[in-house]
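**Student:** This one is structure.cif, mmCIF, C-alpha atoms.
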data_query
#
loop_
_atom_site.group_PDB
_atom_site.id
_atom_site.type_symbol
_atom_site.label_atom_id
_atom_site.label_comp_id
_atom_site.auth_asym_id
_atom_site.auth_seq_id
_atom_site.Cartn_x
_atom_site.Cartn_y
_atom_site.Cartn_z
ATOM 1 C CA MET S 276 -65.117 -80.280 -42.558
ATOM 2 C CA THR S 277 -66.522 -83.662 -41.716
ATOM 3 C CA THR S 278 -64.909 -85.893 -39.143
ATOM 4 C CA THR S 279 -64.433 -89.473 -40.271
ATOM 5 C CA ILE S 280 -64.050 -92.384 -37.881
ATOM 6 C CA ALA S 281 -62.246 -95.450 -39.189
ATOM 7 C CA VAL S 282 -60.995 -98.739 -37.826
ATOM 8 C CA PHE S 283 -57.239 -98.900 -38.308
ATOM 9 C CA ASP S 284 -55.685 -102.311 -38.723
ATOM 10 C CA ALA S 285 -52.036 -102.815 -37.790
ATOM 11 C CA ASP S 286 -50.823 -101.876 -41.280
ATOM 12 C CA ASP S 287 -52.843 -98.638 -41.206
ATOM 13 C CA ALA S 288 -51.458 -97.784 -37.781
ATOM 14 C CA GLU S 289 -47.912 -98.643 -38.826
ATOM 15 C CA GLY S 290 -48.245 -96.328 -41.809
ATOM 16 C CA HIS S 291 -49.383 -93.497 -39.532
ATOM 17 C CA VAL S 292 -47.081 -93.992 -36.527
ATOM 18 C CA GLN S 293 -45.639 -90.493 -36.787
ATOM 19 C CA ALA S 294 -49.088 -88.837 -36.865
ATOM 20 C CA LEU S 295 -50.364 -91.083 -34.066
ATOM 21 C CA GLY S 296 -47.271 -90.176 -32.078
ATOM 22 C CA THR S 297 -47.901 -86.487 -32.703
ATOM 23 C CA LEU S 298 -51.441 -86.880 -31.338
ATOM 24 C CA LEU S 299 -50.266 -88.692 -28.211
ATOM 25 C CA HIS S 300 -47.381 -86.265 -27.667
ATOM 26 C CA ALA S 301 -49.726 -83.251 -27.898
ATOM 27 C CA CYS S 302 -52.273 -84.795 -25.525
ATOM 28 C CA VAL S 303 -49.681 -85.662 -22.881
ATOM 29 C CA HIS S 304 -48.125 -82.197 -23.107
ATOM 30 C CA ASP S 305 -51.621 -80.730 -22.698
ATOM 31 C CA GLY S 306 -52.017 -82.593 -19.390
ATOM 32 C CA ALA S 307 -53.860 -85.768 -20.383
ATOM 33 C CA SER S 308 -53.410 -88.470 -17.770
ATOM 34 C CA ILE S 309 -53.118 -91.418 -20.134
ATOM 35 C CA GLY S 310 -50.171 -93.244 -18.659
ATOM 36 C CA PHE S 311 -47.227 -90.961 -19.382
ATOM 37 C CA VAL S 312 -45.305 -88.269 -17.525
ATOM 38 C CA LEU S 313 -42.934 -85.535 -18.634
ATOM 39 C CA PRO S 314 -40.398 -85.561 -20.059
ATOM 40 C CA PHE S 315 -42.165 -87.288 -22.956
ATOM 41 C CA SER S 316 -40.730 -87.080 -26.453
ATOM 42 C CA GLN S 317 -42.144 -87.681 -29.922
ATOM 43 C CA ALA S 318 -39.967 -90.815 -30.031
ATOM 44 C CA ASP S 319 -41.546 -92.018 -26.770
ATOM 45 C CA ALA S 320 -44.998 -91.440 -28.260
ATOM 46 C CA GLU S 321 -44.189 -93.327 -31.466
ATOM 47 C CA ALA S 322 -42.702 -96.188 -29.447
ATOM 48 C CA PHE S 323 -45.998 -96.565 -27.574
ATOM 49 C CA TRP S 324 -47.840 -97.166 -30.843
ATOM 50 C CA THR S 325 -45.158 -99.451 -32.266
ATOM 51 C CA LEU S 326 -44.473 -101.547 -29.172
ATOM 52 C CA ASN S 327 -47.834 -101.558 -27.393
ATOM 53 C CA VAL S 328 -50.751 -100.889 -29.716
ATOM 54 C CA LEU S 329 -49.640 -102.401 -33.032
ATOM 55 C CA PRO S 330 -48.891 -105.878 -31.629
ATOM 56 C CA ALA S 331 -52.256 -106.005 -29.820
ATOM 57 C CA VAL S 332 -54.131 -104.877 -32.946
ATOM 58 C CA ARG S 333 -52.168 -107.280 -35.154
ATOM 59 C CA GLN S 334 -52.942 -110.188 -32.816
ATOM 60 C CA GLY S 335 -56.665 -109.368 -32.779
ATOM 61 C CA ARG S 336 -56.735 -108.412 -29.111
ATOM 62 C CA ARG S 337 -57.525 -104.709 -29.520
ATOM 63 C CA LEU S 338 -59.503 -102.476 -31.858
ATOM 64 C CA LEU S 339 -58.126 -99.066 -32.825
ATOM 65 C CA LEU S 340 -60.527 -96.326 -33.922
ATOM 66 C CA VAL S 341 -59.085 -93.192 -35.498
ATOM 67 C CA ALA S 342 -60.861 -89.881 -36.072
ATOM 68 C CA CYS S 343 -59.601 -87.754 -38.966
ATOM 69 C CA LYS S 344 -60.490 -84.154 -39.676
ATOM 70 C CA ASP S 345 -58.969 -81.646 -42.062
ATOM 71 C CA GLY S 346 -56.530 -84.307 -43.276
ATOM 72 C CA ARG S 347 -55.122 -84.858 -39.784
ATOM 73 C CA ILE S 348 -55.517 -87.515 -37.147
ATOM 74 C CA ALA S 349 -57.705 -85.692 -34.634
ATOM 75 C CA GLY S 350 -58.318 -88.452 -32.114
ATOM 76 C CA THR S 351 -58.195 -92.132 -31.283
ATOM 77 C CA GLY S 352 -59.740 -94.665 -28.965
ATOM 78 C CA GLN S 353 -59.021 -98.312 -28.272
ATOM 79 C CA LEU S 354 -61.229 -101.231 -27.317
ATOM 80 C CA ASP S 355 -59.330 -103.959 -25.506
ATOM 81 C CA TYR S 356 -61.239 -107.231 -25.730
ATOM 82 C CA ASP S 357 -58.370 -109.497 -24.672
ATOM 83 C CA THR S 358 -60.176 -110.709 -21.566
ATOM 84 C CA PRO S 359 -59.701 -113.850 -19.476
ATOM 85 C CA PRO S 360 -61.957 -116.872 -20.055
ATOM 86 C CA ASN S 361 -64.296 -115.851 -17.227
ATOM 87 C CA GLN S 362 -64.936 -112.420 -18.812
ATOM 88 C CA PRO S 363 -65.904 -113.038 -22.467
ATOM 89 C CA HIS S 364 -68.770 -110.582 -22.020
ATOM 90 C CA ARG S 365 -66.528 -107.584 -21.165
ATOM 91 C CA ALA S 366 -64.291 -105.107 -22.988
ATOM 92 C CA GLU S 367 -62.241 -102.145 -21.768
ATOM 93 C CA ILE S 368 -62.035 -98.729 -23.370
ATOM 94 C CA ARG S 369 -58.491 -97.392 -23.370
ATOM 95 C CA LYS S 370 -56.723 -94.173 -24.228
ATOM 96 C CA VAL S 371 -59.507 -92.111 -25.774
ATOM 97 C CA MET S 372 -57.717 -88.930 -26.795
ATOM 98 C CA VAL S 373 -58.472 -85.911 -28.936
ATOM 99 C CA HIS S 374 -55.774 -83.528 -30.136
ATOM 100 C CA PRO S 375 -56.051 -80.154 -28.334
ATOM 101 C CA ASP S 376 -56.639 -78.451 -31.715
ATOM 102 C CA PHE S 377 -59.818 -80.492 -32.240
ATOM 103 C CA ARG S 378 -61.465 -80.555 -28.823
ATOM 104 C CA ARG S 379 -65.077 -79.562 -28.148
ATOM 105 C CA GLN S 380 -66.190 -80.732 -31.611
ATOM 106 C CA GLY S 381 -67.882 -84.011 -30.637
ATOM 107 C CA ILE S 382 -64.924 -86.198 -31.630
ATOM 108 C CA ALA S 383 -64.572 -87.972 -28.271
ATOM 109 C CA LYS S 384 -68.306 -88.637 -28.241
ATOM 110 C CA ALA S 385 -68.129 -90.070 -31.787
ATOM 111 C CA LEU S 386 -65.163 -92.256 -30.834
ATOM 112 C CA MET S 387 -67.028 -93.543 -27.776
ATOM 113 C CA ALA S 388 -70.085 -94.371 -29.900
ATOM 114 C CA GLY S 389 -67.870 -96.261 -32.334
ATOM 115 C CA LEU S 390 -66.166 -98.181 -29.546
ATOM 116 C CA GLU S 391 -69.511 -99.099 -28.000
ATOM 117 C CA SER S 392 -70.793 -100.294 -31.400
ATOM 118 C CA ALA S 393 -67.676 -102.409 -31.836
ATOM 119 C CA ALA S 394 -68.156 -103.916 -28.370
ATOM 120 C CA HIS S 395 -71.749 -104.752 -29.297
ATOM 121 C CA ARG S 396 -70.627 -106.444 -32.551
ATOM 122 C CA LEU S 397 -68.114 -108.474 -30.540
ATOM 123 C CA GLY S 398 -70.868 -109.635 -28.183
ATOM 124 C CA ARG S 399 -69.507 -107.648 -25.244
ATOM 125 C CA GLY S 400 -72.295 -106.410 -22.993
ATOM 126 C CA LEU S 401 -70.178 -104.717 -20.310
ATOM 127 C CA ILE S 402 -67.682 -101.940 -20.962
ATOM 128 C CA THR S 403 -65.244 -100.678 -18.350
ATOM 129 C CA LEU S 404 -62.855 -97.739 -18.311
ATOM 130 C CA ASP S 405 -60.899 -95.585 -15.925
ATOM 131 C CA THR S 406 -60.219 -91.869 -15.965
ATOM 132 C CA ARG S 407 -58.369 -89.475 -13.706
ATOM 133 C CA THR S 408 -60.816 -88.293 -11.082
ATOM 134 C CA GLY S 409 -61.994 -84.782 -11.887
ATOM 135 C CA ASP S 410 -60.518 -84.880 -15.399
ATOM 136 C CA LYS S 411 -62.216 -83.244 -18.393
ATOM 137 C CA ALA S 412 -63.364 -86.646 -19.681
ATOM 138 C CA GLU S 413 -65.252 -87.686 -16.552
ATOM 139 C CA PRO S 414 -68.392 -85.575 -17.273
ATOM 140 C CA LEU S 415 -68.461 -86.882 -20.858
ATOM 141 C CA TYR S 416 -68.465 -90.499 -19.711
ATOM 142 C CA LEU S 417 -71.205 -89.761 -17.168
ATOM 143 C CA ALA S 418 -73.288 -88.048 -19.872
ATOM 144 C CA LEU S 419 -72.868 -91.134 -22.086
ATOM 145 C CA GLY S 420 -74.392 -93.351 -19.386
ATOM 146 C CA TYR S 421 -71.281 -94.664 -17.644
ATOM 147 C CA ARG S 422 -71.656 -95.282 -13.936
ATOM 148 C CA VAL S 423 -69.025 -94.867 -11.269
ATOM 149 C CA ALA S 424 -67.946 -98.129 -9.670
ATOM 150 C CA GLY S 425 -65.484 -96.446 -7.356
ATOM 151 C CA VAL S 426 -62.480 -94.202 -6.912
ATOM 152 C CA ILE S 427 -58.952 -95.374 -6.186
ATOM 153 C CA PRO S 428 -56.844 -92.708 -4.456
ATOM 154 C CA ASP S 429 -53.180 -92.166 -5.356
ATOM 155 C CA TYR S 430 -53.552 -94.307 -8.482
ATOM 156 C CA CYS S 431 -51.178 -92.553 -10.887
ATOM 157 C CA ARG S 432 -48.621 -89.792 -11.172
ATOM 158 C CA ASP S 433 -49.634 -86.426 -12.498
ATOM 159 C CA PRO S 434 -48.013 -85.884 -15.929
ATOM 160 C CA PHE S 435 -46.449 -82.553 -14.873
ATOM 161 C CA LYS S 436 -45.594 -82.706 -11.186
ATOM 162 C CA ASP S 437 -44.637 -85.148 -8.477
ATOM 163 C CA HIS S 438 -48.195 -85.645 -7.271
ATOM 164 C CA LEU S 439 -50.448 -88.690 -7.172
ATOM 165 C CA ASP S 440 -53.937 -88.487 -8.666
ATOM 166 C CA ALA S 441 -56.993 -90.623 -8.005
ATOM 167 C CA THR S 442 -58.718 -92.570 -10.768
ATOM 168 C CA THR S 443 -62.414 -93.185 -11.242
ATOM 169 C CA ILE S 444 -63.425 -96.658 -12.404
ATOM 170 C CA MET S 445 -66.548 -96.601 -14.593
ATOM 171 C CA TYR S 446 -68.727 -99.118 -16.397
ATOM 172 C CA LYS S 447 -71.647 -99.304 -18.766
ATOM 173 C CA ALA S 448 -73.901 -102.209 -19.642
ATOM 174 C CA ILE S 449 -74.878 -102.319 -23.296
ATOM 175 C CA SER S 450 -77.061 -104.795 -25.136
ATOM 176 C CA ALA S 451 -74.738 -107.383 -26.664
#
Please express what this file holds, its structure, as structure tokens.
**Tutor:**
Amino acid sequence: MTTTIAVFDADDAEGHVQALGTLLHACVHDGASIGFVLPFSQADAEAFWTLNVLPAVRQGRRLLLVACKDGRIAGTGQLDYDTPPNQPHRAEIRKVMVHPDFRRQGIAKALMAGLESAAHRLGRGLITLDTRTGDKAEPLYLALGYRVAGVIPDYCRDPFKDHLDATTIMYKAISA
């Protein structure tokens, strides 16, 4: 089956909050370091979309890309372009996630390409992101041309245990 990548507006996201929550819930329970720790419920996951993502998308501060495959939401990625006046050239990639059932099928790479294209259309020539140091996503970002700006030790809690993980700050210049 073909994977489709679509921009979801706030109404689209609102209509799919349960499925988006299911994606986030599965990713966190699979160990993704995307801002949440266990215990983490389906209600917690849905609240993230409703209280955090939908308002930003509705206000035109964030773009939400959604990958669908086999009739299911397989992955998402966000482009935050709500930058201060001295950074109109920059955007930040946030919360790229692929459901464990759909990994290793090129979905994250397709989402990243879509986010980079959106940044280009918005006139953003610098993209930043952060990822847990040593995480599965780090080699993907490096392969896509992202460069390491630095590592911050003890940046975030591990989702499963009382342990602090480092994060790697990355960037990529694109033609805007």
**Student:** Considering only C-alpha atoms, state which residue in the set S:Ala349, S:Gly335, S:Val292, S:Ala285 is at the smallest distance from Ala322 (chain S).
**Tutor:**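 Looking at the shortest contact to Ala322 (chain S), the residue is S:Val292.
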**Student:** Extract, using all atoms listed in the file, all DNA, RNA and protein residues at most 6 Å from His300 (chain S), discarding same-chain residues fewer than 3 positions from it, and format them as a ChimeraX atom specification.
**Tutor:** /S:296-297,303,317,320
**Student:** If we count all atoms listed in the file and set the cut-off at 12 Å, which residues sit around region 381-386 of chain S, ignoring sequence neighbours fewer than 5 positions away in its own chain? Please answer as a tab-separated table (two decimals) with C-alpha atoms, in the coordinates of the input.
**Tutor:**
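Now in selection_28.tsv:
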chain	number	residue	atom	x	y	z
S	277	THR	CA	-66.52	-83.66	-41.72
S	278	THR	CA	-64.91	-85.89	-39.14
S	279	THR	CA	-64.43	-89.47	-40.27
S	280	ILE	CA	-64.05	-92.38	-37.88
S	281	ALA	CA	-62.25	-95.45	-39.19
S	282	VAL	CA	-61.00	-98.74	-37.83
S	338	LEU	CA	-59.50	-102.48	-31.86
S	339	LEU	CA	-58.13	-99.07	-32.83
S	340	LEU	CA	-60.53	-96.33	-33.92
S	341	VAL	CA	-59.08	-93.19	-35.50
S	342	ALA	CA	-60.86	-89.88	-36.07
S	343	CYS	CA	-59.60	-87.75	-38.97
S	344	LYS	CA	-60.49	-84.15	-39.68
S	348	ILE	CA	-55.52	-87.52	-37.15
S	349	ALA	CA	-57.70	-85.69	-34.63
S	350	GLY	CA	-58.32	-88.45	-32.11
S	351	THR	CA	-58.20	-92.13	-31.28
S	352	GLY	CA	-59.74	-94.66	-28.96
S	353	GLN	CA	-59.02	-98.31	-28.27
S	354	LEU	CA	-61.23	-101.23	-27.32
S	368	ILE	CA	-62.04	-98.73	-23.37
S	369	ARG	CA	-58.49	-97.39	-23.37
S	370	LYS	CA	-56.72	-94.17	-24.23
S	371	VAL	CA	-59.51	-92.11	-25.77
S	372	MET	CA	-57.72	-88.93	-26.80
S	373	VAL	CA	-58.47	-85.91	-28.94
S	374	HIS	CA	-55.77	-83.53	-30.14
S	375	PRO	CA	-56.05	-80.15	-28.33
S	376	ASP	CA	-56.64	-78.45	-31.72
S	391	GLU	CA	-69.51	-99.10	-28.00
S	392	SER	CA	-70.79	-100.29	-31.40
S	393	ALA	CA	-67.68	-102.41	-31.84
S	411	LYS	CA	-62.22	-83.24	-18.39
S	412	ALA	CA	-63.36	-86.65	-19.68
S	413	GLU	CA	-65.25	-87.69	-16.55
S	414	PRO	CA	-68.39	-85.58	-17.27
S	415	LEU	CA	-68.46	-86.88	-20.86
S	416	TYR	CA	-68.46	-90.50	-19.71
S	417	LEU	CA	-71.20	-89.76	-17.17
S	418	ALA	CA	-73.29	-88.05	-19.87
S	419	LEU	CA	-72.87	-91.13	-22.09
S	420	GLY	CA	-74.39	-93.35	-19.39
**Student:** Which residues fall under the PyMOL selection byres ((chain S and resi 425-430) around 10) in this file, as an NGL selection string?
**Tutor:** :S and (405-408 or 422-424 or 431-433 or 438-446)
**Student:** Would you save the residues from that selection as a PDB file, keeping the file's coordinate frame, using C-alpha atoms?
**Tutor:**
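Here's the written file selection.pdb:
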ATOM      1  CA  ASP S 405     -60.899 -95.585 -15.925  1.00  0.00           C
ATOM      2  CA  THR S 406     -60.219 -91.869 -15.965  1.00  0.00           C
ATOM      3  CA  ARG S 407     -58.369 -89.475 -13.706  1.00  0.00           C
ATOM      4  CA  THR S 408     -60.816 -88.293 -11.082  1.00  0.00           C
ATOM      5  CA  ARG S 422     -71.656 -95.282 -13.936  1.00  0.00           C
ATOM      6  CA  VAL S 423     -69.025 -94.867 -11.269  1.00  0.00           C
ATOM      7  CA  ALA S 424     -67.946 -98.129  -9.670  1.00  0.00           C
ATOM      8  CA  CYS S 431     -51.178 -92.553 -10.887  1.00  0.00           C
ATOM      9  CA  ARG S 432     -48.621 -89.792 -11.172  1.00  0.00           C
ATOM     10  CA  ASP S 433     -49.634 -86.426 -12.498  1.00  0.00           C
ATOM     11  CA  HIS S 438     -48.195 -85.645  -7.271  1.00  0.00           C
ATOM     12  CA  LEU S 439     -50.448 -88.690  -7.172  1.00  0.00           C
ATOM     13  CA  ASP S 440     -53.937 -88.487  -8.666  1.00  0.00           C
ATOM     14  CA  ALA S 441     -56.993 -90.623  -8.005  1.00  0.00           C
ATOM     15  CA  THR S 442     -58.718 -92.570 -10.768  1.00  0.00           C
ATOM     16  CA  THR S 443     -62.414 -93.185 -11.242  1.00  0.00           C
ATOM     17  CA  ILE S 444     -63.425 -96.658 -12.404  1.00  0.00           C
ATOM     18  CA  MET S 445     -66.548 -96.601 -14.593  1.00  0.00           C
ATOM     19  CA  TYR S 446     -68.727 -99.118 -16.397  1.00  0.00           C
TER      20      TYR S 446
END
**Student:** Would you mind telling me which residue in S:Tyr356, S:Tyr421, S:Phe283, S:Phe315 lies nearest to Leu329 (chain S) when using all atoms listed in the file?
**Tutor:**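 Closest candidate: S:Phe283.
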**Student:** Separation of CA of Asp284 (chain S) and CA of Leu401 (chain S), in Å?
**Tutor:** 23.6 Å
**Student:** Using the chain letters and numbering of this document, enumerate as a ChimeraX atom specification the residues selected by the PyMOL selection byres ((chain S and resi 358) around 12).
**Tutor:** /S:335-337,354-357,359-367,399,401-403
**Student:** Take every atom of region 363-382 of chain S listed in the file, fit an axis-aligned box around them, add 6 Å per side, and give the centre and edge lengths in Å to one decimal as JSON.
**Tutor:**
{"center_x": -62.3, "center_y": -95.7, "center_z": -26.7, "size_x": 25.0, "size_y": 46.6, "size_z": 23.1}
**Student:** Using the chain letters and residue numbers of this document, give as a PyMOL selection string the residues selected by the PyMOL selection byres ((chain S and resi 312) around 7).
**Tutor:** chain S and resi 311+313-315+433-435
**Student:** Which one is closest to Arg333 (chain S): S:Ala288, S:Ala307, S:Ala318, S:Leu295? Count all atoms listed in the file.
**Tutor:**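 Of S:Ala288, S:Ala307, S:Ala318, S:Leu295, the one nearest Arg333 (chain S), counting all atoms listed in the file, is S:Ala288.
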**Student:** Taking only C-alpha atoms into account, name the residue in S:Leu390, S:Gly290, S:Gly400, S:Phe377 that is nearest to Asp345 (chain S).
**Tutor:** S:Phe377
**Student:** Please, what distance in Å, to one decimal, runs between CA of Trp324 (chain S) and CA of Asp410 (chain S)?
**Tutor:**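 Going from CA of Trp324 (chain S) over to CA of Asp410 (chain S) covers 23.5 Å.
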